[in-house]
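Structure file run.tsv; described as TSV, C-alpha atoms.
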```
chain	number	residue	atom	x	y	z
A	354	MET	CA	71.61	70.53	-7.33
A	355	GLY	CA	70.09	67.10	-6.96
A	356	LEU	CA	71.14	63.99	-8.79
A	357	THR	CA	68.68	62.86	-11.41
A	358	HIS	CA	67.54	59.24	-11.37
A	359	ARG	CA	68.25	57.47	-14.61
A	360	SER	CA	65.75	54.96	-15.91
A	361	CYS	CA	66.96	51.41	-15.74
A	362	GLY	CA	64.46	49.96	-18.17
A	363	SER	CA	60.76	49.58	-18.91
A	364	GLY	CA	58.54	49.51	-15.87
A	365	ALA	CA	60.97	51.50	-13.73
A	366	SER	CA	59.21	54.23	-11.79
A	367	ARG	CA	61.23	56.23	-9.31
A	368	GLU	CA	61.43	59.62	-7.65
A	369	ALA	CA	62.60	62.06	-10.31
A	370	PHE	CA	65.18	63.89	-8.24
A	371	TYR	CA	67.39	63.34	-5.26
A	372	GLN	CA	66.38	66.33	-3.20
A	373	ALA	CA	69.15	68.74	-2.25
A	374	GLY	CA	69.70	68.82	1.49
A	375	ALA	CA	67.92	65.51	2.12
A	376	THR	CA	70.64	63.92	4.20
A	377	GLU	CA	68.80	62.51	7.22
A	378	THR	CA	67.79	58.92	6.62
A	379	ASP	CA	64.21	57.99	7.50
A	380	TYR	CA	64.62	54.22	7.20
A	381	VAL	CA	67.53	51.78	7.04
A	382	ILE	CA	66.92	48.73	4.83
A	383	ALA	CA	69.11	45.63	4.63
A	384	LEU	CA	69.49	43.75	1.36
A	385	ALA	CA	70.23	40.02	1.72
A	386	GLY	CA	70.36	37.09	-0.66
A	387	ASN	CA	72.31	34.21	-2.14
A	388	PRO	CA	75.04	34.99	-4.68
A	389	ASN	CA	73.86	35.18	-8.30
A	390	THR	CA	70.29	36.18	-7.49
A	391	GLY	CA	70.60	39.62	-9.09
A	392	LYS	CA	70.97	41.27	-5.67
A	393	SER	CA	73.66	43.68	-6.88
A	394	THR	CA	71.57	44.54	-9.93
A	395	LEU	CA	68.63	45.33	-7.66
A	396	PHE	CA	70.88	47.43	-5.40
A	397	ASN	CA	72.10	49.43	-8.40
A	398	ALA	CA	68.59	49.80	-9.81
A	399	LEU	CA	67.28	51.23	-6.55
A	400	THR	CA	70.19	53.49	-5.61
A	401	GLY	CA	71.60	54.58	-8.96
A	402	LEU	CA	74.71	56.75	-8.50
A	403	ARG	CA	74.15	57.37	-4.80
A	404	GLN	CA	76.44	54.64	-3.45
A	405	HIS	CA	79.38	54.31	-1.10
A	406	THR	CA	81.69	51.31	-0.78
A	407	GLY	CA	84.25	50.27	1.80
A	408	ASN	CA	84.92	47.41	4.18
A	409	TRP	CA	82.97	46.35	7.23
A	410	PRO	CA	84.95	47.44	10.32
A	411	GLY	CA	87.53	44.84	11.29
A	412	LYS	CA	86.72	42.75	8.20
A	413	THR	CA	88.00	42.35	4.67
A	414	VAL	CA	84.39	41.95	3.56
A	415	LEU	CA	83.13	44.61	1.14
A	416	ARG	CA	80.45	46.95	2.46
A	417	ALA	CA	78.18	48.83	0.03
A	418	THR	CA	75.53	51.35	0.99
A	419	GLY	CA	73.27	53.50	-1.13
A	420	LYS	CA	70.24	55.76	-0.85
A	421	TYR	CA	66.96	56.26	-2.62
A	422	ILE	CA	63.85	58.37	-2.11
A	423	PHE	CA	60.36	56.91	-2.18
A	424	GLN	CA	57.24	58.97	-1.52
A	425	GLY	CA	59.32	61.74	0.03
A	426	ARG	CA	61.17	59.46	2.45
A	427	LEU	CA	64.91	58.84	2.35
A	428	TYR	CA	65.96	55.18	2.53
A	429	GLU	CA	69.47	53.92	3.19
A	430	LEU	CA	70.09	50.52	1.61
A	431	ILE	CA	72.75	48.27	3.16
A	432	ASP	CA	73.91	45.61	0.70
A	433	LEU	CA	74.89	42.64	2.85
A	434	PRO	CA	77.41	40.07	1.55
A	435	GLY	CA	75.85	37.39	-0.65
A	436	THR	CA	75.57	34.19	1.39
A	437	TYR	CA	73.88	30.80	1.21
A	438	SER	CA	73.41	30.58	4.97
A	439	LEU	CA	73.54	32.60	8.19
A	440	LEU	CA	75.28	29.89	10.22
A	441	ALA	CA	78.47	32.00	10.32
A	442	GLN	CA	80.87	29.55	8.71
A	443	SER	CA	82.54	32.44	6.86
A	444	ALA	CA	83.28	36.11	7.47
A	445	GLU	CA	80.56	37.05	4.96
A	446	GLU	CA	77.94	34.97	6.76
A	447	GLN	CA	78.92	36.41	10.12
A	448	VAL	CA	78.68	39.99	8.87
A	449	ALA	CA	75.24	39.40	7.36
A	450	ARG	CA	73.94	37.56	10.41
A	451	ASP	CA	75.25	40.06	12.96
A	452	TYR	CA	73.87	43.03	11.07
A	453	LEU	CA	70.40	41.51	10.76
A	454	CYS	CA	70.28	40.63	14.45
A	455	PHE	CA	72.14	43.44	16.17
A	456	GLY	CA	72.01	46.25	13.59
A	457	ARG	CA	68.22	45.93	13.54
A	458	PRO	CA	67.32	47.54	10.18
A	459	HIS	CA	63.79	48.84	9.78
A	460	ALA	CA	63.18	46.20	7.11
A	461	THR	CA	65.10	43.53	5.22
A	462	ILE	CA	64.72	42.62	1.56
A	463	VAL	CA	65.60	38.98	0.90
A	464	VAL	CA	66.34	38.47	-2.80
A	465	VAL	CA	65.64	35.01	-4.20
A	466	ASP	CA	66.11	33.61	-7.70
A	467	ALA	CA	62.80	32.75	-9.34
A	468	THR	CA	64.49	30.02	-11.42
A	469	CYS	CA	65.70	28.06	-8.35
A	470	LEU	CA	63.31	29.18	-5.66
A	471	GLU	CA	63.48	26.12	-3.40
A	472	ARG	CA	67.24	26.40	-2.85
A	473	ASN	CA	67.03	30.14	-2.15
A	474	LEU	CA	64.22	29.86	0.38
A	475	ASN	CA	66.64	28.27	2.86
A	476	LEU	CA	68.23	31.67	3.47
A	477	ALA	CA	64.84	33.40	3.52
A	478	LEU	CA	63.64	31.11	6.31
A	479	GLN	CA	66.84	31.74	8.27
A	480	VAL	CA	66.33	35.50	7.98
A	481	LEU	CA	62.71	35.10	9.12
A	482	GLU	CA	64.00	33.38	12.25
A	483	ILE	CA	65.92	36.56	13.10
A	484	THR	CA	63.49	39.31	12.10
A	485	SER	CA	59.84	39.63	11.15
A	486	ARG	CA	60.42	42.84	9.18
A	487	VAL	CA	61.01	41.12	5.86
A	488	VAL	CA	60.00	41.54	2.23
A	489	VAL	CA	60.88	38.67	-0.09
A	490	CYS	CA	61.87	39.79	-3.57
A	491	VAL	CA	61.44	37.05	-6.17
A	492	ASN	CA	63.90	38.36	-8.75
A	493	LEU	CA	64.70	37.15	-12.28
A	494	ILE	CA	61.00	36.51	-12.81
A	495	ASP	CA	61.52	37.22	-16.52
A	496	GLU	CA	64.02	34.35	-16.80
A	497	ALA	CA	61.63	32.08	-14.93
A	498	LYS	CA	58.89	32.85	-17.44
A	499	ARG	CA	61.23	32.04	-20.32
A	500	LYS	CA	61.82	28.66	-18.69
A	501	ASN	CA	58.05	28.16	-18.26
A	502	ILE	CA	58.33	28.38	-14.48
A	503	GLU	CA	55.23	29.80	-12.84
A	504	ILE	CA	55.28	31.11	-9.27
A	505	ASN	CA	52.14	31.89	-7.29
A	506	ILE	CA	53.37	35.03	-5.54
A	507	SER	CA	50.24	35.39	-3.40
A	508	ALA	CA	50.41	31.79	-2.18
A	509	LEU	CA	54.12	32.16	-1.39
A	510	SER	CA	53.37	35.30	0.63
A	511	ASN	CA	50.69	33.45	2.58
A	512	GLU	CA	53.05	30.56	3.29
A	513	LEU	CA	55.92	32.78	4.47
A	514	GLY	CA	53.75	35.29	6.29
A	515	VAL	CA	55.48	38.33	4.78
A	516	PRO	CA	55.05	40.43	1.61
A	517	VAL	CA	56.46	38.85	-1.55
A	518	VAL	CA	57.07	40.87	-4.72
A	519	ALA	CA	58.14	39.61	-8.15
A	520	THR	CA	60.79	41.67	-9.95
A	521	ALA	CA	63.04	41.72	-12.97
A	522	ALA	CA	65.57	44.21	-11.61
A	523	ARG	CA	67.59	44.36	-14.83
A	524	GLU	CA	64.51	45.67	-16.64
A	525	GLY	CA	63.19	47.72	-13.73
A	526	ALA	CA	60.02	45.64	-13.58
A	527	GLY	CA	58.35	45.37	-10.17
A	528	LEU	CA	60.52	47.99	-8.46
A	529	PRO	CA	57.66	50.37	-7.52
A	530	ALA	CA	55.74	47.48	-5.94
A	531	LEU	CA	58.87	46.41	-4.07
A	532	GLN	CA	59.48	49.93	-2.78
A	533	GLN	CA	55.86	50.17	-1.65
A	534	ALA	CA	56.07	46.85	0.21
A	535	VAL	CA	59.34	47.87	1.89
A	536	ALA	CA	57.85	51.20	2.93
A	537	ALA	CA	54.81	49.48	4.45
A	538	VAL	CA	56.94	47.07	6.49
A	539	ALA	CA	59.45	49.75	7.56
A	540	GLU	CA	56.80	52.17	8.78
A	541	GLY	CA	54.74	49.40	10.39
A	542	SER	CA	51.55	49.83	8.38
A	543	VAL	CA	51.79	46.16	7.39
A	544	LYS	CA	52.13	43.62	10.18
A	545	THR	CA	53.94	40.46	9.19
A	546	SER	CA	53.48	36.99	10.66
A	547	PRO	CA	56.55	34.98	9.58
A	548	ARG	CA	56.39	31.24	9.20
A	549	ARG	CA	58.15	29.70	12.17
A	550	VAL	CA	60.35	26.67	11.69
A	551	ARG	CA	59.37	24.03	14.26
A	552	TYR	CA	62.04	21.66	15.54
A	553	ASP	CA	61.68	18.30	17.23
A	554	GLN	CA	60.21	18.13	20.70
A	555	VAL	CA	63.47	17.98	22.63
A	556	ILE	CA	64.84	21.10	20.92
A	557	GLU	CA	61.58	23.00	21.39
A	558	GLN	CA	61.61	22.10	25.09
A	559	CYS	CA	65.16	23.45	25.42
A	560	ILE	CA	64.17	26.63	23.60
A	561	ALA	CA	61.21	27.07	25.96
A	562	ARG	CA	63.56	26.85	28.95
A	563	LEU	CA	66.21	29.18	27.55
A	564	GLU	CA	64.05	31.84	25.91
A	565	PRO	CA	62.63	33.47	29.08
A	566	LYS	CA	66.14	33.84	30.56
A	567	ILE	CA	67.43	35.43	27.34
A	568	LYS	CA	64.42	37.73	27.19
A	569	GLU	CA	65.25	38.96	30.69
A	570	LEU	CA	68.62	40.04	29.30
A	571	VAL	CA	67.62	41.57	25.96
A	572	GLY	CA	63.92	42.31	26.41
A	573	GLU	CA	61.94	42.56	23.18
A	574	THR	CA	64.81	44.27	21.40
A	575	LEU	CA	66.34	41.07	19.98
A	576	ASN	CA	64.80	37.78	18.90
A	577	SER	CA	65.22	35.64	22.01
A	578	ARG	CA	64.06	32.45	20.26
A	579	TRP	CA	66.75	32.82	17.59
A	580	LEU	CA	69.39	33.53	20.22
A	581	ALA	CA	68.29	30.42	22.13
A	582	LEU	CA	68.75	28.34	18.98
A	583	ARG	CA	72.24	29.70	18.45
A	584	PHE	CA	73.20	29.02	22.06
A	585	LEU	CA	71.93	25.45	21.75
A	586	ASP	CA	74.01	25.15	18.60
A	587	GLY	CA	77.09	26.21	20.57
A	588	ASP	CA	77.74	29.22	18.35
A	589	ALA	CA	80.48	31.14	20.17
A	590	THR	CA	80.44	33.94	17.58
A	591	VAL	CA	76.86	34.83	18.58
A	592	VAL	CA	77.83	34.87	22.25
A	593	ARG	CA	80.66	37.29	21.47
A	594	ALA	CA	78.45	39.47	19.28
A	595	LEU	CA	75.78	39.61	22.00
A	596	ALA	CA	78.38	40.57	24.61
A	597	GLU	CA	79.62	43.39	22.35
A	598	TRP	CA	76.05	44.55	21.77
A	599	LEU	CA	75.35	44.67	25.49
A	600	ALA	CA	78.65	46.46	26.14
A	601	ARG	CA	77.71	49.15	23.61
A	602	GLY	CA	74.56	49.87	25.54
A	603	LYS	CA	72.28	48.27	22.92
A	604	ALA	CA	71.53	49.58	19.43
A	605	VAL	CA	68.48	51.50	18.30
A	606	VAL	CA	66.32	50.31	15.42
A	607	GLY	CA	68.15	50.95	12.19
A	608	GLY	CA	71.41	51.28	14.05
A	609	ASP	CA	74.75	49.96	12.87
A	610	ILE	CA	76.72	48.26	15.61
A	611	LEU	CA	79.33	47.16	13.09
A	612	VAL	CA	80.42	50.71	12.35
```
What would you get if you wrote out this structure as structure tokens?
Amino acid sequence: MGLTHRSCGSGASREAFYQAGATETDYVIALAGNPNTGKSTLFNALTGLRQHTGNWPGKTVLRATGKYIFQGRLYELIDLPGTYSLLAQSAEEQVARDYLCFGRPHATIVVVDATCLERNLNLALQVLEITSRVVVCVNLIDEAKRKNIEINISALSNELGVPVVATAAREGAGLPALQQAVAAVAEGSVKTSPRRVRYDQVIEQCIARLEPKIKELVGETLNSRWLALRFLDGDATVVRALAEWLARGKAVVGGDILV
């Protein structure tokens, strides 16, 4: 017998039943965001009772996964640790960064707080440097409205070059639109064009010299520009993670090299 979805509030529209025997995941989706953006609330709203928790291998960092069905497809949602940055200054940041780069999910949802959007967009831009398969979820839109904060979702999407969806996860508002946007990015029916951060001329020249050599090593599988930036930054943790990835024989899309 399947597990019935429970409504999480007005505006929530989900598949009615978790189909018995539906165990093979169609798409793997990463969920990233700063702490206190309602990311866990969104995770719970999408996955309901179908969750599993544990630790990331070799880490004391909590790992949570869950599943949901949308339009007959089974999605596995990987809740990454809440972080303010992907510069790997903590175990949580390293886990999130390595999964986005080397785990290669089919799509990534970046949750941002509508009441302090500018601060949260720092992480969103860092994620966009790693992967183009991104949907930005502007959560807590109800609280923003109460504070008379207006956000032009369409303009933000145009600026970032990826789909942007407004939600109030606690009330279930915006979840169907978010699921639709994630499905479109995951299956490739929507092509994104992420905003690229441009650095000063000297750094860009160094990137241009390094990137072709990195691409010879990883092909189109990984983001060679982002790897070049991390090498220029002297990030030894990325070098180690890349060596492990190569030793494993490279991961497939939606893989999980950290397991």
query = Pick from A:Ala444, A:Leu599, A:Val517, A:Leu399: nearest to A:Tyr428, with only C-alpha atoms counted?
reply = A:Leu399
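Between A:Pro388 and the residues A:Leu430, A:Leu440, A:Val465, A:Ala508, the shortest atom-to-atom distance, using all atoms listed in the file, involves A:Val465.
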Step by step, gather every atom of stretch 377-382 of chain A that the file lists, find the box along x, y and z that holds them, add 6 Å on each side, and finally give centre and edge lengths in Å to one decimal, as JSON.
```
{"center_x": 66.5, "center_y": 55.6, "center_z": 6.2, "size_x": 16.6, "size_y": 25.8, "size_z": 14.7}
```
task = May I have the residues at most 6 Å from (59.9, 33.3, 3.0) in the file's coordinates, counting all atoms listed in the file, as a ChimeraX atom specification?
result = /A:477-478,513
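Between atom CA of A:Val463 and atom CA of A:Leu595 the interatomic distance comes to 23.4 Å.
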